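Below is one structure, written out as structure tokens; comments come after it.
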Amino acid sequence: MNLPARIPETERPRERLASQGACALHDSELLALILRTGVPGANALELARALMLRYGGLRGALAAPLPELRQVHGMGTAKACSLAAVLELARRAHIEPLRSRDLMSHPDAVRSYCIAALGHLEIELCMALFLDQRLHLIECCELARGTLNQAAIYPREVVREALRHHAAALILAHNHPSGAAQPSAADLALTRQLKQALALVDVRLVDHLIVARDQAVSLAERGQL
């Protein structure tokens, strides 16, 4: 990993992980293992620390947009893709248990997944969890992404995706990068329009979750669906 010679071999991240386990490592050390190599003037550990400082911590570094990461000094395409792959693997591992559950009976699991997927984003993104007749997950898909405070969602496009996935129901989720999880008038209007559009093709809107950082508001639980 191009670590400086002054660090004893037993104190290097890879050796510490092998002897003490991953839990013993700091975030920057784990990130350095993913980056693998540094650049002239900075080893992998220093590069990892700089990346975390730039993006406000581990979560921000892993969630940074791929095109932006590629432009960071010392990163490049290979390192940026490695970080993106780690984040996607974590997302898939998180969602895997949902595929064998009745999601109506496990609202906390759905909420947890949506927070993990959307809570860290700096732009607004809308996604849908498409469900079968048993309310088991078929697929989770991104529907739209936008600016800091807006992502354009069109009911006809959601209906088309629901039909393409042969869904019997769906859960809509989007984030508020501002940090306020309260539904806006536009959120409520979209929910009504989408519910009506889906009903025309016998697809049920189970819930609409609004995510803001580490919290999620369920419109179904609030009686606003």
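By convention here, the chains of the structure tokens are called A, B, ... in the order presented, each chain's residues are numbered starting at 1, and ligands are numbered starting at 1 in the order presented.
If you count only C-alpha atoms and ignore residues fewer than 4 places along the chain from Ala63 in chain A, what sits within 12 Å of it is Leu51, Met52, Tyr55, Gly56, Gly57, Leu58, Arg59, Pro67, Glu68, Leu69, Ala80, Cys81, Ser82, Leu83, Ala84, Ala85, Val86, Leu87, Glu88, Ala90, Arg91, Ala116, Ala117, Leu118, Gly119, His120, Leu121, Glu122 and Ile123 of chain A.
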Practice prompt. Give the helix (DSSP H, G or I) residues of range 1-224 of chain A, as assigned by DSSP on the backbone, as a VMD selection string.
Written response: chain A and resid 9 to 11 13 to 20 22 to 24 27 to 35 44 to 55 58 to 63 66 to 71 76 to 100 103 to 105 107 to 118 155 to 164 185 to 199
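Among A:Arg213, A:His26, A:His106, A:Arg145, the residue with the shortest atom-to-atom distance to Ala180 in chain A, counting only C-alpha atoms, is A:Arg213.
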Exercise. If we count only C-alpha atoms, what is near His73 in chain A at a cut-off of 12 Å, once residues fewer than 3 positions away on the same chain are taken out, given as a PyMOL selection string?
Worked result: chain A and resi 38-42+47-48+50-51+54+68-70+76-77+79-80
Can you spit out the residues from that selection as an mmCIF file, in the first residue's frame, using N, CA and C atoms?
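Okay, this is what ended up in selection.cif:
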```
data_model
loop_
_atom_site.group_PDB
_atom_site.id
_atom_site.type_symbol
_atom_site.label_atom_id
_atom_site.label_comp_id
_atom_site.auth_asym_id
_atom_site.auth_seq_id
_atom_site.Cartn_x
_atom_site.Cartn_y
_atom_site.Cartn_z
ATOM 1 N N GLY A 38 -0.886 4.507 -2.742
ATOM 2 C CA GLY A 38 -0.936 5.952 -2.649
ATOM 3 C C GLY A 38 -0.441 6.602 -3.924
ATOM 4 N N VAL A 39 0.032 7.815 -3.784
ATOM 5 C CA VAL A 39 0.575 8.581 -4.907
ATOM 6 C C VAL A 39 1.877 9.206 -4.433
ATOM 7 N N PRO A 40 2.681 9.717 -5.341
ATOM 8 C CA PRO A 40 3.903 10.391 -4.905
ATOM 9 C C PRO A 40 3.606 11.473 -3.863
ATOM 10 N N GLY A 41 4.244 11.354 -2.716
ATOM 11 C CA GLY A 41 4.043 12.335 -1.662
ATOM 12 C C GLY A 41 2.990 11.962 -0.647
ATOM 13 N N ALA A 42 2.219 10.912 -0.909
ATOM 14 C CA ALA A 42 1.173 10.500 0.039
ATOM 15 C C ALA A 42 0.921 9.006 -0.104
ATOM 16 N N LEU A 47 -3.765 9.224 1.904
ATOM 17 C CA LEU A 47 -4.778 9.509 0.892
ATOM 18 C C LEU A 47 -6.175 9.247 1.446
ATOM 19 N N ALA A 48 -6.319 8.169 2.202
ATOM 20 C CA ALA A 48 -7.612 7.844 2.811
ATOM 21 C C ALA A 48 -8.041 8.930 3.788
ATOM 22 N N ALA A 50 -7.111 12.073 3.774
ATOM 23 C CA ALA A 50 -7.428 13.283 3.013
ATOM 24 C C ALA A 50 -8.811 13.181 2.382
ATOM 25 N N LEU A 51 -9.148 11.993 1.913
ATOM 26 C CA LEU A 51 -10.452 11.778 1.281
ATOM 27 C C LEU A 51 -11.575 11.935 2.310
ATOM 28 N N ARG A 54 -11.999 15.602 3.142
ATOM 29 C CA ARG A 54 -12.652 16.324 2.050
ATOM 30 C C ARG A 54 -14.165 16.119 2.069
ATOM 31 N N GLU A 68 -16.917 12.678 -9.768
ATOM 32 C CA GLU A 68 -16.206 13.613 -8.888
ATOM 33 C C GLU A 68 -15.006 12.943 -8.239
ATOM 34 N N LEU A 69 -15.188 11.709 -7.777
ATOM 35 C CA LEU A 69 -14.078 10.982 -7.154
ATOM 36 C C LEU A 69 -12.913 10.803 -8.116
ATOM 37 N N ARG A 70 -13.232 10.571 -9.366
ATOM 38 C CA ARG A 70 -12.183 10.338 -10.364
ATOM 39 C C ARG A 70 -11.292 11.553 -10.544
ATOM 40 N N GLY A 76 -8.300 8.656 -9.395
ATOM 41 C CA GLY A 76 -8.362 8.018 -10.700
ATOM 42 C C GLY A 76 -9.515 7.035 -10.797
ATOM 43 N N THR A 77 -9.666 6.438 -11.972
ATOM 44 C CA THR A 77 -10.808 5.564 -12.239
ATOM 45 C C THR A 77 -10.794 4.297 -11.386
ATOM 46 N N LYS A 79 -9.414 3.483 -8.404
ATOM 47 C CA LYS A 79 -9.725 3.668 -6.983
ATOM 48 C C LYS A 79 -11.174 4.105 -6.793
ATOM 49 N N ALA A 80 -11.647 5.013 -7.651
ATOM 50 C CA ALA A 80 -13.033 5.479 -7.550
ATOM 51 C C ALA A 80 -14.006 4.322 -7.757
#
```
Step one, run DSSP on the backbone; step two, keep only residues of range 106-202 of chain A assigned to strand (DSSP E or B); then write them as a PDB file with C-alpha atoms, in the first residue's frame.
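So out.pdb came out as:
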```
ATOM      1  CA  LEU A 125     -33.168  10.875  -5.385  1.00  0.00           C
ATOM      2  CA  CYS A 126     -36.352   8.857  -5.713  1.00  0.00           C
ATOM      3  CA  MET A 127     -36.482   5.069  -5.773  1.00  0.00           C
ATOM      4  CA  ALA A 128     -39.129   2.375  -5.724  1.00  0.00           C
ATOM      5  CA  LEU A 129     -39.233  -1.048  -4.115  1.00  0.00           C
ATOM      6  CA  PHE A 130     -41.339  -3.213  -6.425  1.00  0.00           C
ATOM      7  CA  LEU A 131     -43.228  -6.015  -4.659  1.00  0.00           C
ATOM      8  CA  LEU A 137     -39.287  -7.606  -2.904  1.00  0.00           C
ATOM      9  CA  ILE A 138     -38.871  -8.080  -6.652  1.00  0.00           C
ATOM     10  CA  GLU A 139     -36.403  -5.273  -7.260  1.00  0.00           C
ATOM     11  CA  CYS A 140     -35.345  -1.867  -5.987  1.00  0.00           C
ATOM     12  CA  CYS A 141     -34.846   0.710  -8.734  1.00  0.00           C
ATOM     13  CA  GLU A 142     -33.842   4.337  -8.966  1.00  0.00           C
ATOM     14  CA  LEU A 143     -36.597   6.356 -10.616  1.00  0.00           C
ATOM     15  CA  ALA A 144     -35.092   9.832 -10.756  1.00  0.00           C
ATOM     16  CA  ARG A 145     -32.364  12.011  -9.347  1.00  0.00           C
ATOM     17  CA  ALA A 169     -47.436  -3.257  -5.209  1.00  0.00           C
ATOM     18  CA  LEU A 170     -44.643  -0.819  -4.538  1.00  0.00           C
ATOM     19  CA  ILE A 171     -43.077   1.376  -1.887  1.00  0.00           C
ATOM     20  CA  LEU A 172     -41.867   4.791  -2.991  1.00  0.00           C
ATOM     21  CA  ALA A 173     -38.987   6.483  -1.187  1.00  0.00           C
ATOM     22  CA  HIS A 174     -37.138   9.722  -1.695  1.00  0.00           C
ATOM     23  CA  ASN A 175     -34.798  11.882   0.342  1.00  0.00           C
TER      24      ASN A 175
END
```
If you count only C-alpha atoms, the residue of A:Lys195, A:Val201, A:Asp214, A:Glu157 closest to His176 in chain A turns out to be A:Asp214
